[in-house]
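Beneath this line is the structure, given in structure tokens, with notes to follow.
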Number of protein chains: 2
Amino acid sequence: MPAHAHPPTAAERQAERRRRILRAGTQLACRGGYEAVQMREVAESSQVALGTLYRYFPSKVHLLVAMMQDQLERMHGTLQRKPPAGEGPAERVTQTLMGAFQALQREPRLAEAMVRALTFADRSVSQEVDQVTRLTTAIILDAMGGPEPAPAQLSAVRVVAHTWHSALIAWLSGRASIAQVRTDVATACRLLEPQG
Amino acid sequence: MPAHAHPPTAAERQAERRRRILRAGTQLACRGGYEAVQMREVAESSQVALGTLYRYFPSKVHLLVAMMQDQLERMHGTLQRKPPAGEGPAERVTQTLMGAFQALQREPRLAEAMVRALTFADRSVSQEVDQVTRLTTAIILDAMGGPEPAPAQLSAVRVVAHTWHSALIAWLSGRASIAQVRTDVATACRLLEPQG
DNA sequence: ATCAAGTCTGAAACTTGTTCTAGATTAGCG
DNA sequence: CGCTAATCTAGAACAAGTTTCAGACTTGAT
């Protein structure tokens, strides 16, 4: 601990608690996926009372969606530092998404937990889910690299995002192969080409 | 009851029970969506013991996915009797899917319940979910009307299905407008055009 | 007809997400 | 400092999905 350590303020301790909770949730998810993220365990593991956990995240789905936000923000930062090098927008986006896919493959149970929460979320989580959608869109737009996205392009971007999420779920449920995911993502990305 | 009524066989009574359960689940879902389909209520409402309900459908998700299968089969039959009249494959598929969408709009809570179950389903339901996927694919292929689907076309069909499901969820969660759903479905359907 | 196997029922028990309560601790403020 | 409001904790309580169990009823084969 640094020499200039000052007693942490309330806000700092709260931020620290939030981080601990997210980390505990992530660890549990890595081990056993969605069902292994049990609120009592998260609370105990992050050294926080159950009531406090529910003050920070009003439901299990809120927690898991927040975890996904976290991951996406990290990923977005990484991608901005080293943008994809590809021929056209379609290839760059395909590369980016398949890179993200590989990252998720390293912790498939974590991915399963987050994605299932995301699609299971009801209206009470729509704001947070929307934020995830915006992040995904931002990542795709960054990968495209174009100047302004025409409104028609935006629909194509949404189709790509839809496809990515859906293909991810199909893979996580064992209903689609990695090759199929790649094929489908690439197919959807064809819509991003200028003449498309 | 008909004059030639014979005492129903065991198999008939079982089929009857299954129908009663599906109907009860559907009614509850129409009223209050996913959360209103409570297994105890379904059991009581279909005059079946809770244990029996679980013998027929090993989980709530299984039940809801079976309800969706039922709906899709009905829809497929209807569509085969009056196929869509449109210019190209893209337009016909768009028409068909937006027609299905309008049908779902009439019972939005039922749609919400079924679709949420579908995307929340884990590996233990993958067989049933796969059947739903196949039905969706069959509906799209029928609407296209073409002779043989080239393997490249199959990926496009999957992208359309992905987009439809995903857009449906976004609409049900209040995160997308009907216009946006139509736009996105139409965009994805562009991949079905011969030159696409 | 009778026995074994499978099925249905009613009810209790168990699990896990969520809510509630009472008291302790802390933060901000006059 | 001393007060008030907010926060945190421990734990009980509640809700709904799921499992289990004992007993009654069918069914099918011998």
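Chains: A, B, ... in order of the structure tokens. Residues: from 1 per chain. Ligands: from 1, in order shown.
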So which residues of region 1-150 of chain B fall under alpha helix (DSSP H) by DSSP, listed as a PyMOL selection string? chain B and resi 10-36+39-45+50-56+60-81+89-106+108-120+126-144
Taking only C-alpha atoms (C1' of nucleotides) into account, find every residue of chain A that has an atom no more than 10 Å from chain C, and write it out as a PDB file with N, CA, C and O atoms, in the first residue's frame.
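Final file, out.pdb:
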ATOM      1  N   THR A   9     -12.205   7.051   1.194  1.00  0.00           N
ATOM      2  CA  THR A   9     -13.487   7.725   1.371  1.00  0.00           C
ATOM      3  C   THR A   9     -14.617   6.712   1.164  1.00  0.00           C
ATOM      4  O   THR A   9     -14.390   5.588   0.721  1.00  0.00           O
ATOM      5  N   ALA A  10     -15.815   7.155   1.469  1.00  0.00           N
ATOM      6  CA  ALA A  10     -16.966   6.276   1.313  1.00  0.00           C
ATOM      7  C   ALA A  10     -17.111   5.843  -0.139  1.00  0.00           C
ATOM      8  O   ALA A  10     -17.335   4.670  -0.437  1.00  0.00           O
ATOM      9  N   GLU A  35     -25.654 -20.957 -13.795  1.00  0.00           N
ATOM     10  CA  GLU A  35     -26.268 -21.488 -12.582  1.00  0.00           C
ATOM     11  C   GLU A  35     -25.323 -21.447 -11.389  1.00  0.00           C
ATOM     12  O   GLU A  35     -25.780 -21.487 -10.247  1.00  0.00           O
ATOM     13  N   GLN A  38     -24.480 -17.919  -7.882  1.00  0.00           N
ATOM     14  CA  GLN A  38     -25.566 -17.898  -6.907  1.00  0.00           C
ATOM     15  C   GLN A  38     -25.373 -16.697  -6.000  1.00  0.00           C
ATOM     16  O   GLN A  38     -24.287 -16.467  -5.477  1.00  0.00           O
ATOM     17  N   MET A  39     -26.440 -15.969  -5.828  1.00  0.00           N
ATOM     18  CA  MET A  39     -26.335 -14.683  -5.146  1.00  0.00           C
ATOM     19  C   MET A  39     -25.723 -14.814  -3.754  1.00  0.00           C
ATOM     20  O   MET A  39     -24.911 -13.983  -3.341  1.00  0.00           O
ATOM     21  N   ARG A  40     -26.088 -15.859  -3.021  1.00  0.00           N
ATOM     22  CA  ARG A  40     -25.500 -16.036  -1.687  1.00  0.00           C
ATOM     23  C   ARG A  40     -23.990 -16.224  -1.798  1.00  0.00           C
ATOM     24  O   ARG A  40     -23.223 -15.683  -1.003  1.00  0.00           O
ATOM     25  N   GLY A  51     -28.075  -8.361   1.380  1.00  0.00           N
ATOM     26  CA  GLY A  51     -28.848  -7.141   1.142  1.00  0.00           C
ATOM     27  C   GLY A  51     -28.027  -6.089   0.405  1.00  0.00           C
ATOM     28  O   GLY A  51     -28.534  -5.382  -0.465  1.00  0.00           O
ATOM     29  N   TYR A  54     -27.748  -6.839  -3.229  1.00  0.00           N
ATOM     30  CA  TYR A  54     -28.965  -6.455  -3.946  1.00  0.00           C
ATOM     31  C   TYR A  54     -29.118  -4.942  -4.036  1.00  0.00           C
ATOM     32  O   TYR A  54     -29.871  -4.442  -4.870  1.00  0.00           O
ATOM     33  N   PRO A  58     -29.704  -5.016  -8.538  1.00  0.00           N
ATOM     34  CA  PRO A  58     -31.045  -5.388  -8.079  1.00  0.00           C
ATOM     35  C   PRO A  58     -31.487  -6.788  -8.480  1.00  0.00           C
ATOM     36  O   PRO A  58     -32.542  -7.221  -8.040  1.00  0.00           O
ATOM     37  N   SER A  59     -30.732  -7.482  -9.281  1.00  0.00           N
ATOM     38  CA  SER A  59     -31.082  -8.875  -9.570  1.00  0.00           C
ATOM     39  C   SER A  59     -29.849  -9.580 -10.138  1.00  0.00           C
ATOM     40  O   SER A  59     -28.882  -8.945 -10.551  1.00  0.00           O
ATOM     41  N   LYS A  60     -29.942 -10.874 -10.173  1.00  0.00           N
ATOM     42  CA  LYS A  60     -28.863 -11.684 -10.743  1.00  0.00           C
ATOM     43  C   LYS A  60     -28.598 -11.275 -12.188  1.00  0.00           C
ATOM     44  O   LYS A  60     -27.447 -11.171 -12.614  1.00  0.00           O
TER      45      LYS A  60
END
Would you write out, as a tab-separated table, a table of all residues in chain B that have an atom no more than 6 Å from an atom of chain A, listing for each the closest atom pair and the distance in Å to one decimal, considering only C-alpha atoms and ordering rows by chain and rising residue number?
residue	atom	partner	partner_atom	distance
B:Arg116	CA	A:Phe120	CA	5.8
B:Phe120	CA	A:Arg116	CA	5.8
B:Asp122	CA	A:Ser173	CA	5.9
B:Arg123	CA	A:Ser173	CA	5.1
B:Ser155	CA	A:Asp184	CA	5.5
B:Val159	CA	A:Thr163	CA	5.9
B:His162	CA	A:Thr163	CA	5.3
B:Thr163	CA	A:His162	CA	5.3
B:Ser166	CA	A:His162	CA	5.5
B:Ser173	CA	A:Arg123	CA	5.2
B:Asp184	CA	A:Ser155	CA	5.5
Write to file, as an mmCIF file, in the first residue's frame, the residues of the selection just made, with N, CA and C atoms.
data_model
loop_
_atom_site.group_PDB
_atom_site.id
_atom_site.type_symbol
_atom_site.label_atom_id
_atom_site.label_comp_id
_atom_site.auth_asym_id
_atom_site.auth_seq_id
_atom_site.Cartn_x
_atom_site.Cartn_y
_atom_site.Cartn_z
ATOM 1 N N ARG B 116 -38.492 -15.988 -24.704
ATOM 2 C CA ARG B 116 -37.516 -15.942 -23.614
ATOM 3 C C ARG B 116 -37.078 -17.339 -23.219
ATOM 4 N N PHE B 120 -33.278 -18.753 -23.375
ATOM 5 C CA PHE B 120 -32.715 -19.050 -22.057
ATOM 6 C C PHE B 120 -32.358 -20.523 -21.949
ATOM 7 N N ASP B 122 -30.892 -24.097 -21.893
ATOM 8 C CA ASP B 122 -29.510 -24.572 -21.836
ATOM 9 C C ASP B 122 -29.388 -25.883 -22.621
ATOM 10 N N ARG B 123 -28.240 -26.545 -22.473
ATOM 11 C CA ARG B 123 -27.971 -27.735 -23.281
ATOM 12 C C ARG B 123 -29.022 -28.820 -23.109
ATOM 13 N N SER B 155 -26.513 -20.437 -45.062
ATOM 14 C CA SER B 155 -25.964 -19.495 -44.085
ATOM 15 C C SER B 155 -26.797 -18.221 -44.068
ATOM 16 N N VAL B 159 -28.805 -16.480 -41.020
ATOM 17 C CA VAL B 159 -28.682 -15.079 -40.615
ATOM 18 C C VAL B 159 -30.058 -14.432 -40.505
ATOM 19 N N HIS B 162 -31.597 -15.746 -37.314
ATOM 20 C CA HIS B 162 -30.960 -15.067 -36.180
ATOM 21 C C HIS B 162 -31.542 -13.672 -36.015
ATOM 22 N N THR B 163 -31.591 -12.959 -37.113
ATOM 23 C CA THR B 163 -32.066 -11.579 -37.049
ATOM 24 C C THR B 163 -33.508 -11.527 -36.577
ATOM 25 N N SER B 166 -33.675 -12.297 -32.813
ATOM 26 C CA SER B 166 -33.041 -11.254 -32.020
ATOM 27 C C SER B 166 -33.860 -9.969 -32.051
ATOM 28 N N SER B 173 -38.725 -6.648 -25.492
ATOM 29 C CA SER B 173 -38.150 -5.979 -24.331
ATOM 30 C C SER B 173 -38.319 -4.470 -24.413
ATOM 31 N N ASP B 184 -34.852 -4.241 -40.133
ATOM 32 C CA ASP B 184 -33.753 -5.177 -39.949
ATOM 33 C C ASP B 184 -34.038 -6.502 -40.641
#
As a PyMOL selection string, could you give me every residue of chain A near chain D (at most 12 Å apart, counting only C-alpha atoms (C1' of nucleotides))? chain A and resi 10-11+13-14+17+43-44+47-56
Write the residues of the preceding selection, restricted to N, CA and C atoms, as a CSV table (one decimal), in the first residue's frame.
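Okay, result37.csv is ready:
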chain,number,residue,atom,x,y,z
A,10,ALA,N,-15.8,7.2,1.5
A,10,ALA,CA,-17.0,6.3,1.3
A,10,ALA,C,-17.1,5.8,-0.1
A,11,ALA,N,-17.0,6.8,-1.0
A,11,ALA,CA,-17.2,6.5,-2.5
A,11,ALA,C,-16.1,5.5,-2.9
A,13,ARG,N,-14.7,3.2,-1.0
A,13,ARG,CA,-15.0,1.9,-0.5
A,13,ARG,C,-16.2,1.3,-1.3
A,14,GLN,N,-17.1,2.1,-1.7
A,14,GLN,CA,-18.2,1.6,-2.5
A,14,GLN,C,-17.8,1.1,-3.9
A,17,ARG,N,-16.2,-2.2,-3.3
A,17,ARG,CA,-17.2,-3.2,-3.1
A,17,ARG,C,-17.7,-3.7,-4.4
A,43,ALA,N,-22.3,-13.0,-2.7
A,43,ALA,CA,-22.2,-12.1,-1.5
A,43,ALA,C,-21.1,-12.6,-0.6
A,44,GLU,N,-21.1,-13.9,-0.3
A,44,GLU,CA,-20.1,-14.4,0.7
A,44,GLU,C,-18.7,-14.1,0.1
A,47,GLN,N,-17.5,-10.7,0.3
A,47,GLN,CA,-17.5,-10.2,1.6
A,47,GLN,C,-18.4,-9.0,1.8
A,48,VAL,N,-19.7,-9.3,1.4
A,48,VAL,CA,-20.7,-8.3,1.4
A,48,VAL,C,-22.0,-9.0,1.8
A,49,ALA,N,-22.8,-8.3,2.6
A,49,ALA,CA,-24.1,-8.9,3.0
A,49,ALA,C,-25.0,-9.1,1.7
A,50,LEU,N,-25.9,-10.0,1.8
A,50,LEU,CA,-26.8,-10.3,0.7
A,50,LEU,C,-27.6,-9.0,0.4
A,51,GLY,N,-28.1,-8.4,1.4
A,51,GLY,CA,-28.8,-7.1,1.1
A,51,GLY,C,-28.0,-6.1,0.4
A,52,THR,N,-26.8,-6.0,0.7
A,52,THR,CA,-25.9,-5.0,0.1
A,52,THR,C,-25.7,-5.4,-1.4
A,53,LEU,N,-25.5,-6.7,-1.6
A,53,LEU,CA,-25.4,-7.1,-3.0
A,53,LEU,C,-26.6,-6.7,-3.8
A,54,TYR,N,-27.7,-6.8,-3.2
A,54,TYR,CA,-29.0,-6.5,-3.9
A,54,TYR,C,-29.1,-4.9,-4.0
A,55,ARG,N,-28.4,-4.2,-3.2
A,55,ARG,CA,-28.5,-2.8,-3.3
A,55,ARG,C,-27.6,-2.4,-4.5
A,56,TYR,N,-26.5,-3.0,-4.7
A,56,TYR,CA,-25.6,-2.7,-5.9
A,56,TYR,C,-26.2,-3.2,-7.2
Can you pull out every residue within 12 Å of Glu87 (chain B), counting only C-alpha atoms (C1' of nucleotides), but drop anything in the same chain fewer than 5 positions away, and send it as a PyMOL selection string? chain B and resi 92-95+143-145+193
The distance between CA of Gly86 (chain B) and CA of Ala150 (chain B) is 21.0 Å
Please provide as a PyMOL selection string all residues within 8 Å of region 19-23 of chain B, with the sequence filter that same-chain residues fewer than 3 positions apart are discarded (counting only C-alpha atoms (C1' of nucleotides)). chain B and resi 15-16+26-27+42-43+45-46+53+63+66-67
